[in-house]
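Working notes, beginning with the structure itself.
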Amino acid sequence: MKNSYQKMMEDIHTPAGLNERVLRAAAQGRSTAGAPARRRRRPILRTAVCAACALALVLGTFQLQPVEDGGAEREDGGGPVTVVPTFSFGLTAYAAGGEEAYAPGPNSGIAFRAGEGSATLDGGNYTGLLFRITGEHIETVDLSIDRGGLYRYQLHENLTNEEMAAFREAMAEGRMAVAAISQTDDGMWYMPEMTALGQSVREEYDPERSYGFWLSPEEMTTGSGLGMTIEEQMDIDYFDGAILTVTAAFSDGTEQTRTYSLSSGPLRMDQYTTGGLTLLPQLAGDEEPFVYGLYATDVESSRWLQWPVEGASTISTSYPFGSWDKIFINENEDGEEEIEERTVTHNGIDIPAPNGTEILAATDGTVVETGFDPDRGNYVILDHGEGLQTVYASCQESTVSQGDTVSAGETIALAGATGRATGSHLCFQVWEDGEAQNPVAYFDSAVRDTLSVD
C-alpha cells in the first residue's frame with residue numbers, strides 16, 4: 001500500500017524540458033549578463049543520473065554539485081569538473097483537511113491556504129496552514145520560527161478504541177489540541193493529531209508528518225475556529241514578516257538549511273484551462289476568487305525585481321497572465337455577430353500607464369534585443385544572468401540599444417499602445433530558463449502592498 005508521500009510523487013509531473021535543462025546545466029556554465037558562457041568540455045555523470053535528478057529538482061531530493069578533481073586542465077585554467085549529486089529537500093504546502101498540495105511556484109514562492117484547524121482560548125490557534133518537508137534520505141529535521149510558533153500535524157487512521165482512548169486523554173490534559181474525531185462505516189476511528197511545538201523543534205524525519213503555524217493563547221486574537229473571521233485573518237497576519245528556518249540532516253552526514261520569509265494576505269486563485277491552480281499574493285480584485293493565507297519565499301534563491309513603471313501601480317485583470325478561455329464576438333459575411341470561444345495565452349501582465357510614461361529596468365542587466373513585431377509592438381529584452389530575462393512590450397519607443405548595460409530603475413523605454421494593444425500600457429514579462437513566469441511572484445511584499453488591480 002502506497003503512503004501519501006508516494007501518491008503525491010506520482011501526481012507531480014516533471015515540467016516540460018526539465019530533463020534537457022538539467023543536462024544542459026551539467027554540460028555547460030550558465031550565462032552571465034551580457035556574456036554568454038562558452039561551451040566547455042567537462043567530464044560529467046552519465047545521462048541516467050541526470051534524468052533521475054530531473055524530478056528530484058522539483059520537490060527536493062538531489063541537487064547537482066560541481067567539484068574539482070585531478071586530471072587535465074580546463075580551458076579556463078582550472079581542473080576538470082565532475083558533477084555529483086548531493087541530497088536536497090523542499091517544502092510542499094497543504095491546507096489541513098484537504099488533499100491538494102502546493103509545490104513551490106515561480107521564484108520559489110510557496111502559498112499556504114488555511115484549512116481545518118482548532119482555536120481555543122486555552123489551547124491557542126492551530127491555523128490549518130500546513131507544510132510538509134519532501135525529499136529522500138532525510139534523517140532529522142530542525143525547524144524554527146521567530147514569531148508565533150509551530151505545531152505538528154498528523155492524520156491517524158484505522159485507530160482502535162484503545163488508541164482513541166489515549167488520544168482523548170492527551171486532549172483532556174492539554175497535551176494535544178482538541179480535534180474532530182470521526183468514524184468510518186466499518187467502525188474504525190480516525191482523527192488529526194495537533195501538538196504545539198513552540199518556536200523550535202528537532203525530531204526524526206517522517207515523510208507523512210506535516211507542520212503548521214501556531215499561536216499561543218496570549219498571542220491569538222480569535223476564540224473560535226469556525227469560518228474565516230476577521231479575527232482569524234488577524235491571527236494569520238501575526239506571521240507577516242516572520243522568518244521560518246528549516247534544516248534537514250541526511251544519511252550521508254550532510255545538512256541543508258533553507259530560510260523562508262513569510263507574508264500574509266489574500267492569495268489570488270488563478271484556475272487555468274490546463275487545470276492548474278496558482279495562488280499569488282495580495283493581488284485579487286473585488287470580483288475575483290481568493291483565499292486568505294501566507295506566502296513564503298526562499299530568502300536565498302528568490303530574485304526580486306523593482307516595479308518597472310514610473311508612477312503607475314495598477315495591474316489590469318482584463319488580460320491576465322496564463323492560459324484561459326476568452327469570448328470573441330466576430331461579424332460573419334452576412335454582417336451577423338458570431339460568438340467564438342478560444343483559448344488564449346498571455347505571457348505577462350499589463351500595467352496601464354499614460355502614453356510616454358517612463359519604463360524602468362526591473363533590475364541590472366544587458367539589452368539583448370530591441371525591435372518591433374505585430375503582437376508585442378515596440379519591445380526591449382533585458383538579460384539579467386543565470387537564465388533570467390525580462391521583456392517590456394507595447395512601448396511607444398525604446399530609449400536603449402542592443403548591447404547597452406543598464407541599472408535597476410534606469411529608463412529604457414516609454415509606455416505606448418503599439419502592436420495589438422488597445423490602450424497605453426506596458427506588457428511586462430519575466431522569463432526564467434526559457435519559460436514564461438508570472439511576474440507577480442518576482443515582486444516582494446513591500447512592492448505588492450503598493451499595488452492594486454482593475
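Just so we're on the same page: first chain in the C-alpha cells is A, next is B, and so on; residues restart at 1 for each chain, and ligands are numbered from 1 in the order they show up.
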Do a neighbour search on Ser452 of chain A at 7 Å with only C-alpha atoms, toss out local chain neighbours closer than 2 positions, and write the hits as a compact mmCIF listing (two decimals) with all heavy atoms, in the first residue's frame.
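result.txt was written with the following content:
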```txt
# COMPACT_ATOMS: atom_id res chain seq x y z
N LEU A 283 -3.11 40.14 -4.71
CA LEU A 283 -3.50 40.78 -5.95
C LEU A 283 -4.82 40.25 -6.47
O LEU A 283 -4.98 39.98 -7.65
CB LEU A 283 -2.40 40.60 -7.01
CG LEU A 283 -1.13 41.40 -6.74
CD1 LEU A 283 -0.06 41.06 -7.76
CD2 LEU A 283 -1.40 42.89 -6.78
N SER A 313 0.69 51.93 -10.57
CA SER A 313 0.71 50.83 -9.61
C SER A 313 -0.50 49.92 -9.75
O SER A 313 -0.90 49.28 -8.79
CB SER A 313 0.78 51.37 -8.18
OG SER A 313 -0.34 52.20 -7.93
N THR A 314 -1.08 49.85 -10.95
CA THR A 314 -2.27 49.04 -11.18
C THR A 314 -1.97 47.95 -12.19
O THR A 314 -1.27 48.19 -13.18
CB THR A 314 -3.44 49.90 -11.70
OG1 THR A 314 -3.75 50.90 -10.74
CG2 THR A 314 -4.68 49.04 -11.95
N ILE A 315 -2.49 46.76 -11.94
CA ILE A 315 -2.38 45.65 -12.89
C ILE A 315 -3.77 45.39 -13.45
O ILE A 315 -4.74 45.24 -12.70
CB ILE A 315 -1.84 44.38 -12.21
CG1 ILE A 315 -0.40 44.61 -11.75
CG2 ILE A 315 -1.89 43.18 -13.16
CD1 ILE A 315 0.19 43.43 -11.01
N THR A 450 1.84 47.90 -2.41
CA THR A 450 1.54 49.19 -3.05
C THR A 450 0.67 49.02 -4.29
O THR A 450 0.25 50.02 -4.89
CB THR A 450 2.83 49.92 -3.44
OG1 THR A 450 3.48 49.21 -4.50
CG2 THR A 450 3.78 50.04 -2.26
N ASP A 454 -7.33 46.15 -11.45
CA ASP A 454 -8.51 46.78 -12.03
C ASP A 454 -8.99 45.94 -13.22
O ASP A 454 -8.18 45.57 -14.07
CB ASP A 454 -8.16 48.20 -12.46
CG ASP A 454 -9.37 48.96 -12.98
OD1 ASP A 454 -10.51 48.51 -12.73
OD2 ASP A 454 -9.15 50.00 -13.62
```
One residue among A:Thr247, A:Asn355, A:Ser445, A:Asn347 is nearest to Gln429 of chain A when using only C-alpha atoms, and that residue is A:Asn347
DSSP-assigned strand (DSSP E) members of segment 195-363 of chain A, reported as a ChimeraX atom specification
/A:195-198,200-204,210-215,243-250,255-271,277-281,290-298,314-315,322-331,337-346,348-352,358-360
List every residue of segment 101-227 of chain A that DSSP, applied to the backbone of this structure, assigns to alpha helix (DSSP H), and report them as a ChimeraX atom specification.
/A:161-172
Could you list, as a tab-separated table (two decimals) with N, CA, C and O atoms, in the first residue's frame, every residue within 9 Å of Ser401 of chain A, counting only C-alpha atoms and ignoring same-chain residues fewer than 5 positions away?
```
chain	number	residue	atom	x	y	z
A	367	VAL	N	20.94	44.86	-22.47
A	367	VAL	CA	19.94	44.85	-23.53
A	367	VAL	C	20.38	43.84	-24.59
A	367	VAL	O	21.42	43.99	-25.21
A	368	VAL	N	19.59	42.77	-24.74
A	368	VAL	CA	19.94	41.74	-25.72
A	368	VAL	C	19.14	41.87	-27.01
A	368	VAL	O	19.52	41.31	-28.04
A	369	GLU	N	18.03	42.65	-26.96
A	369	GLU	CA	17.24	42.80	-28.18
A	369	GLU	C	16.27	43.96	-28.03
A	369	GLU	O	15.68	44.18	-26.97
A	370	THR	N	16.13	44.74	-29.09
A	370	THR	CA	15.06	45.72	-29.22
A	370	THR	C	14.45	45.55	-30.60
A	370	THR	O	15.11	45.07	-31.52
A	380	VAL	N	11.62	45.75	-25.66
A	380	VAL	CA	13.00	45.67	-25.18
A	380	VAL	C	13.13	44.38	-24.39
A	380	VAL	O	12.25	44.04	-23.59
A	412	ILE	N	14.37	52.77	-19.87
A	412	ILE	CA	14.74	52.00	-21.06
A	412	ILE	C	13.73	52.16	-22.19
A	412	ILE	O	14.01	51.78	-23.33
```
Compare A:Pro217, A:Gly149, A:Pro192, A:Pro207 by their minimum atom-to-atom distance to Thr120 of chain A, counting only C-alpha atoms, and give me the closest one.
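Smallest distance to Thr120 of chain A is found for A:Pro217.
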For Leu451 of chain A, which residue out of A:Ile145, A:Ser316, A:Asp185, A:Thr134 is the nearest one, using only C-alpha atoms?
A:Ser316
So which residues touch segment 179-181 of chain A within 8 Å, counting only C-alpha atoms, skipping near sequence neighbours fewer than 4 positions away, as a PyMOL selection string?
chain A and resi 118+189-194
Just give me the gap between atom CA of Ile138 of chain A and atom CA of Leu197 of chain A in Å, one decimal is fine.
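So the two atoms, atom CA of Ile138 of chain A and atom CA of Leu197 of chain A, lie 20.2 Å apart.
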Residues within 10 Å of Arg152 of chain A, only C-alpha atoms, excluding chain neighbours under 5 positions, as number ranges by chain
A: 126, 130-131, 176, 192-197, 201, 209-214
Got time to write the residues from that selection, N, CA and C atoms, as a PDB file, in the first residue's frame?
```
ATOM      1  N   TYR A 126      -4.390  26.681  16.168  1.00  0.00           N
ATOM      2  CA  TYR A 126      -3.759  25.790  15.205  1.00  0.00           C
ATOM      3  C   TYR A 126      -4.371  26.149  13.851  1.00  0.00           C
ATOM      4  N   LEU A 130      -0.479  24.384   6.650  1.00  0.00           N
ATOM      5  CA  LEU A 130       0.461  23.274   6.832  1.00  0.00           C
ATOM      6  C   LEU A 130       1.501  23.210   5.728  1.00  0.00           C
ATOM      7  N   PHE A 131       2.639  22.602   6.057  1.00  0.00           N
ATOM      8  CA  PHE A 131       3.647  22.263   5.053  1.00  0.00           C
ATOM      9  C   PHE A 131       4.271  20.926   5.410  1.00  0.00           C
ATOM     10  N   MET A 176      -2.442  17.719  23.610  1.00  0.00           N
ATOM     11  CA  MET A 176      -2.805  17.777  22.200  1.00  0.00           C
ATOM     12  C   MET A 176      -3.975  18.743  22.051  1.00  0.00           C
ATOM     13  N   PRO A 192      -7.099  13.883  13.375  1.00  0.00           N
ATOM     14  CA  PRO A 192      -5.812  14.557  13.242  1.00  0.00           C
ATOM     15  C   PRO A 192      -5.181  14.812  14.600  1.00  0.00           C
ATOM     16  N   GLU A 193      -3.879  14.587  14.665  1.00  0.00           N
ATOM     17  CA  GLU A 193      -3.125  14.933  15.870  1.00  0.00           C
ATOM     18  C   GLU A 193      -2.495  16.307  15.658  1.00  0.00           C
ATOM     19  N   MET A 194      -2.718  17.220  16.576  1.00  0.00           N
ATOM     20  CA  MET A 194      -2.129  18.558  16.512  1.00  0.00           C
ATOM     21  C   MET A 194      -1.445  18.838  17.832  1.00  0.00           C
ATOM     22  N   THR A 195      -0.129  18.977  17.800  1.00  0.00           N
ATOM     23  CA  THR A 195       0.655  19.152  19.018  1.00  0.00           C
ATOM     24  C   THR A 195       1.524  20.389  18.893  1.00  0.00           C
ATOM     25  N   ALA A 196       1.357  21.351  19.802  1.00  0.00           N
ATOM     26  CA  ALA A 196       2.154  22.577  19.778  1.00  0.00           C
ATOM     27  C   ALA A 196       3.617  22.251  20.072  1.00  0.00           C
ATOM     28  N   LEU A 197       4.523  22.893  19.327  1.00  0.00           N
ATOM     29  CA  LEU A 197       5.950  22.621  19.462  1.00  0.00           C
ATOM     30  C   LEU A 197       6.738  23.828  19.952  1.00  0.00           C
ATOM     31  N   VAL A 201      11.960  23.125  17.066  1.00  0.00           N
ATOM     32  CA  VAL A 201      11.876  21.697  17.347  1.00  0.00           C
ATOM     33  C   VAL A 201      12.905  20.963  16.499  1.00  0.00           C
ATOM     34  N   ARG A 209       4.438  13.358   8.017  1.00  0.00           N
ATOM     35  CA  ARG A 209       4.182  14.324   9.081  1.00  0.00           C
ATOM     36  C   ARG A 209       4.193  15.739   8.503  1.00  0.00           C
ATOM     37  N   SER A 210       3.215  16.521   8.887  1.00  0.00           N
ATOM     38  CA  SER A 210       3.152  17.917   8.461  1.00  0.00           C
ATOM     39  C   SER A 210       3.386  18.832   9.660  1.00  0.00           C
ATOM     40  N   TYR A 211       3.725  20.073   9.351  1.00  0.00           N
ATOM     41  CA  TYR A 211       3.926  21.081  10.387  1.00  0.00           C
ATOM     42  C   TYR A 211       3.083  22.306  10.019  1.00  0.00           C
ATOM     43  N   GLY A 212       2.603  22.996  11.040  1.00  0.00           N
ATOM     44  CA  GLY A 212       1.761  24.152  10.810  1.00  0.00           C
ATOM     45  C   GLY A 212       2.170  25.328  11.663  1.00  0.00           C
ATOM     46  N   PHE A 213       1.514  26.463  11.424  1.00  0.00           N
ATOM     47  CA  PHE A 213       1.807  27.691  12.147  1.00  0.00           C
ATOM     48  C   PHE A 213       0.806  27.845  13.286  1.00  0.00           C
ATOM     49  N   TRP A 214       1.336  28.072  14.496  1.00  0.00           N
ATOM     50  CA  TRP A 214       0.541  28.050  15.728  1.00  0.00           C
ATOM     51  C   TRP A 214       0.736  29.341  16.495  1.00  0.00           C
TER      52      TRP A 214
END
```
Env of Leu294 of chain A: 9 Å cut, atoms = only C-alpha atoms, seq-sep filter 3 positions within chain, self excluded. Answer as a ChimeraX atom specification.
/A:110-114,129,236-237,239-240,262-267,281
